[in-house]
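Asks: Got a structure for you, written out below as structure tokens; questions coming shortly.
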Amino acid sequence: MHKEEQLLAQISNNPKYKGKQVLIIGNEVHVLSTKSKITRTKLLTSLVNKYPYRTPLITFVPKDSVFILPQYF
């Protein structure tokens, strides 16, 4: 399992991240601002410069009350 996947498993149980969009890269977890596009752009730019050969994992950590239905094709 990659570092990002291990961090995702850890933060999914952390109430600090529930209901938020997060970005995981390397050993770092960042909460993405949903209000400011400029703030998100600055964060992504700085992380791309810091980790030029890594692809960030951007995901939403659902709250406990969220039910996600499987999608069948």
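Letters for chains follow the order of the structure tokens (A, B, ...), residue numbers begin at 1 for each chain, and ligand numbers begin at 1 in the order shown.
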Per residue of stretch 11-31 of chain A within 10 Å of stretch 42-45 of chain A, record the nearest atom pair and its distance in Å to one decimal, counting only C-alpha atoms, with rows in chain order and ascending residue number, as CSV.

Replies:
residue,atom,partner,partner_atom,distance
A:Leu23,CA,A:Leu44,CA,9.0
A:His30,CA,A:Leu43,CA,8.7
A:Val31,CA,A:Leu43,CA,9.8

Asks: Residues of chain A in strand (DSSP E) according to DSSP, as a list in words?

Replies: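 Those residues are Lys20, Gln21, Val22, Leu23, Ile24, Ile25, Glu28, Val29, His30, Val31, Leu57, Ile58, Thr59, Phe60 and Val61 of chain A.
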
Asks: I need the residues in chain A that are helix (DSSP H, G or I) according to DSSP; give them as a PyMOL selection string.

Replies: chain A and resi 3-11+37-50

Asks: Residues of stretch 6-29 of chain A that approach stretch 46-62 of chain A to 8 Å or less, counting only C-alpha atoms: could you list each one with the shortest pair of atoms and its distance in Å to one decimal, rows by chain and increasing residue number, as a tab-separated table?

Replies:
residue	atom	partner	partner_atom	distance
A:Ser12	CA	A:Val61	CA	6.2
A:Tyr17	CA	A:Val61	CA	6.4
A:Lys18	CA	A:Val61	CA	5.3
A:Gly19	CA	A:Pro62	CA	4.9
A:Lys20	CA	A:Val61	CA	5.7
A:Gln21	CA	A:Phe60	CA	4.3
A:Val22	CA	A:Thr59	CA	5.6
A:Leu23	CA	A:Ile58	CA	4.4
A:Ile24	CA	A:Leu57	CA	5.0
A:Ile25	CA	A:Pro56	CA	4.8
A:Gly26	CA	A:Arg54	CA	7.6

Asks: Out of A:Thr41, A:Thr34, A:Val29, A:Gln71, which residue has the shortest atom-to-atom distance to A:Asn14 when counting only C-alpha atoms?

Replies: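 Among the listed residues, the smallest separation from A:Asn14 belongs to A:Val29.
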